[in-house]
Amino acid sequence: MASAKEQKRLQKELQDIQAAFAENPDCPVTANMIDDNLTRWKGHIKGPEGSPYEGGKYVIDIQIPTDYPYNPPKMKFDTKIWHPNISSQTGAICLDILKNEWSPALTIRTALLSLQALLSSPEADDPQDAEVANMFKRDRKLFEQTAKYWTETFAKKDESNHDESVKKLVEMGFTEDQAKTALQKHGWDETEALNSLLGGA
Amino acid sequence: MASLSFASGAQHSVRALQSLPKLINYQLQAHGQALHRGVGVARRALGAFFFGTEEEAQRNRDPLMETVTQYPDESLWFIKVVMLFGAISGFVISIPCLFYLWFFWLEGASCNRPLRYWVLFNCSLQLIQVPIRLVFFSRLLHVGRQGGPNHRNHIHQCLRLLTSGRAWKCSKFLSILNYGWFILGVVWVLNSSHCAEAPGLWKLTVGVIAMSMARLLITLVCFYYSFPPRNLPTASRRRRGATQAAIDALPVSKYHASADVPLLRDPTCSICLAEWVDGDELRWLPCNHSFHKKCVDKWLKRSSACPLCLRCVEGRDGHGQTIAPIG
């Protein structure tokens, strides 16, 4: 368990991220915690425009180590993605700032923004997934097609579910805004969102 | 009549004799096919034992696969070497031990710890692993020889199926069992006080334990040399923390809102993200960045790089320039 000071930092990070999201719902990254002791978060990244991931919504699993922020958060993709620096099997990420180049001045938000930047500019010379990296180097067209296909198949399917979840909650008598905020906060888990709405009412 | 029947009998047997080679040939063929089919079934059963299905591979979460996706060639080499080395050394160590036990089994009963059973079980575990390891080795050797532009994918796919197969899990389980047994052996050897009738058994057990340790060490060395260290120069420079003396040499000041405002655009500590309040102790790095003393000292012990600009606080690129503490 992190010390009080580190807990405070995590709380502040969460507030900042959610404040930014409330201010601008179009912001490219957001995150919410999924347990009460702040050690497990889910990040959400929008696929950058002009990349084969455009239009996709990616969920990142974030685990906060006990000595955060002196050690980097552990991040991996929950959503399947075709990218040279991300394992197509496990979602493990090869990004220097999540390993050796971490600095305590970085935050979950900046790390997620770096991930988004990584989606726009893959580094095939430092691959996490050899198969994808090979394709990226040898046949760029095929790579982009595959990446787009994976975006369509894995990163867009949640959207319709999201709409349905919102609709369900609206049918129960909540406003669309309330439903969206609650769902967003609870990683689009309908039951948890409903519980929080009922508890808060 | 009799002669006739004899004649017809003879004729019959002659015909039978004439068709004998055909018959034998046919029989052989039938046998061959059965044999062939038998081998086919055995091969398929073995294949199912050694290779997981695509489905199992999907669910497979062997931590080794992360390394394989990142360094297919290096992983292939490493696993190949470890398998061959494990099989050979297991065989070479176990066979003489079993011979010793065969000749001195009864004498071994005089020890106050069951060292003979330890050696026997240890050798059995090793010997069971030998064929499994050899099959792994030959598969990997085959994959390694394929070459071609796609060979990294072949390696990846082969290891993916191999690590999700039952044989791999079995081998892993046996290795863990062997490791536990090894620890038990160390405890027994240290506690066996008299082994009068079989002094050789004690020495043998110590020898086997020493060999196991040597094998472990060699495997580690192999691992170290198989995988290239990444970005070692920068990583090691930054990974190394600053010495306490170097940290203590950095200036410290007390924060006063009025005095420091012009210098600090954003009066928060970028490590704990808390705003500074009057009286907080600040540590100043040579690059003019400042943090809570407590926050940054903890970081500097791990890495000598400034959290904001990554410049080293000590050594040649620190410039040694410090500004006078304020307040």
# chains A, B, ... in the order shown; residues from 1 in each chain; ligands from 1
call {"tool": "residues_around", "arguments": {"residues": "A:Ser3", "least_positions_apart": "3", "cutoff": "9 Å", "atoms": "only C-alpha atoms", "output": "compact mmCIF listing (two decimals) with all heavy atoms, in the first residue's frame"}}
result
# COMPACT_ATOMS: atom_id res chain seq x y z
N GLU A 6 1.64 9.40 -1.47
CA GLU A 6 1.48 8.83 -2.80
C GLU A 6 0.00 8.61 -3.14
O GLU A 6 -0.41 8.77 -4.28
CB GLU A 6 2.32 7.54 -2.91
CG GLU A 6 3.77 7.86 -3.20
CD GLU A 6 4.79 7.15 -2.31
OE1 GLU A 6 4.49 6.05 -1.84
OE2 GLU A 6 5.87 7.72 -2.09
N GLN A 7 -0.77 8.27 -2.12
CA GLN A 7 -2.22 8.14 -2.31
C GLN A 7 -2.81 9.47 -2.77
O GLN A 7 -3.65 9.54 -3.65
CB GLN A 7 -2.88 7.75 -0.98
CG GLN A 7 -2.64 6.33 -0.58
CD GLN A 7 -3.76 5.42 -1.02
OE1 GLN A 7 -4.92 5.80 -0.91
NE2 GLN A 7 -3.43 4.27 -1.53
N LYS A 8 -2.30 10.53 -2.12
CA LYS A 8 -2.80 11.87 -2.42
C LYS A 8 -2.50 12.21 -3.87
O LYS A 8 -3.33 12.79 -4.58
CB LYS A 8 -2.12 12.88 -1.50
CG LYS A 8 -3.13 13.74 -0.77
CD LYS A 8 -2.42 14.73 0.08
CE LYS A 8 -3.35 15.25 1.16
NZ LYS A 8 -2.61 15.91 2.23
N THR A 66 3.42 -0.35 -5.78
CA THR A 66 3.35 0.23 -4.44
C THR A 66 4.26 1.45 -4.31
O THR A 66 3.94 2.35 -3.54
CB THR A 66 3.75 -0.79 -3.37
OG1 THR A 66 4.90 -1.46 -3.85
CG2 THR A 66 2.63 -1.76 -3.10
N ASP A 67 5.38 1.47 -5.03
CA ASP A 67 6.27 2.61 -4.86
C ASP A 67 6.10 3.64 -5.98
O ASP A 67 7.03 4.38 -6.30
CB ASP A 67 7.73 2.17 -4.75
CG ASP A 67 8.09 1.23 -5.87
OD1 ASP A 67 7.19 0.90 -6.68
OD2 ASP A 67 9.25 0.82 -5.95
call {"tool": "residues_around", "arguments": {"residues": "A:Glu13", "least_positions_apart": "4", "cutoff": "10 Å", "atoms": "only C-alpha atoms", "output": "list in words"}}
result
Gln7, Lys8, Arg9, Ile17, Gln18, Ala19, Ala31, Thr107, Ile108 and Arg109 of chain A; Cys272 and Leu273 of chain B
call {"tool": "residues_around", "arguments": {"residues": "stretch 129-136 of chain A", "least_positions_apart": "4", "cutoff": "12 Å", "atoms": "only C-alpha atoms", "output": "ChimeraX atom specification"}}
result
/A:81-94,121-125,140-147 /B:65-73,149-157
call {"tool": "atom_distance", "arguments": {"atom1": "atom CA of A:Lys12", "atom2": "atom CA of A:Pro104"}}
result
14.4 Å
call {"tool": "select_by_dssp", "arguments": {"residues": "stretch 80-318 of chain B", "states": "alpha helix (DSSP H)", "output": "NGL selection string"}}
result
:B and (80-104 or 115-146 or 151-164 or 166-191 or 199-226 or 232-239 or 244-248 or 257-260 or 293-300)
call {"tool": "closest_residue", "arguments": {"among": "A:Ile62, A:Ile97, A:Met75, A:Leu183", "to": "A:Thr39", "atoms": "only C-alpha atoms"}}
result
A:Ile62
call {"tool": "closest_residue", "arguments": {"among": "B:Ser193, B:Arg160, B:Leu76, B:Gly86", "to": "chain A", "atoms": "only C-alpha atoms"}}
result
B:Arg160
call {"tool": "closest_residue", "arguments": {"among": "B:Val208, B:Ile176, B:Met83, B:Leu64", "to": "chain A", "atoms": "only C-alpha atoms"}}
result
B:Leu64
call {"tool": "residues_around", "arguments": {"residues": "A:Cys27", "least_positions_apart": "4", "cutoff": "10 Å", "atoms": "only C-alpha atoms", "output": "PDB file with N, CA and C atoms, in the first residue's frame"}}
result
ATOM      1  N   ILE A  17      -7.553  14.216 -14.356  1.00  0.00           N
ATOM      2  CA  ILE A  17      -7.963  13.532 -15.590  1.00  0.00           C
ATOM      3  C   ILE A  17      -9.465  13.686 -15.798  1.00  0.00           C
ATOM      4  N   ALA A  20     -10.429  17.212 -16.707  1.00  0.00           N
ATOM      5  CA  ALA A  20     -10.116  17.477 -18.113  1.00  0.00           C
ATOM      6  C   ALA A  20     -11.181  16.856 -19.014  1.00  0.00           C
ATOM      7  N   PHE A  21     -11.646  15.672 -18.624  1.00  0.00           N
ATOM      8  CA  PHE A  21     -12.642  14.982 -19.437  1.00  0.00           C
ATOM      9  C   PHE A  21     -13.988  15.708 -19.378  1.00  0.00           C
ATOM     10  N   ALA A  22     -14.324  16.198 -18.158  1.00  0.00           N
ATOM     11  CA  ALA A  22     -15.588  16.908 -17.999  1.00  0.00           C
ATOM     12  C   ALA A  22     -15.572  18.190 -18.818  1.00  0.00           C
ATOM     13  N   GLU A  23     -14.386  18.837 -18.844  1.00  0.00           N
ATOM     14  CA  GLU A  23     -14.253  20.094 -19.576  1.00  0.00           C
ATOM     15  C   GLU A  23     -14.364  19.859 -21.082  1.00  0.00           C
ATOM     16  N   ILE A  45      -8.012   5.308 -24.616  1.00  0.00           N
ATOM     17  CA  ILE A  45      -7.301   6.090 -25.619  1.00  0.00           C
ATOM     18  C   ILE A  45      -8.098   6.072 -26.906  1.00  0.00           C
ATOM     19  N   LYS A  46      -8.167   7.235 -27.556  1.00  0.00           N
ATOM     20  CA  LYS A  46      -8.793   7.256 -28.884  1.00  0.00           C
ATOM     21  C   LYS A  46      -7.718   7.023 -29.927  1.00  0.00           C
TER      22      LYS A  46
END
call {"tool": "residues_around", "arguments": {"residues": "B:His292", "least_positions_apart": "4", "cutoff": "7 Å", "atoms": "only C-alpha atoms", "output": "number ranges by chain"}}
result
B: 269, 281-283, 296
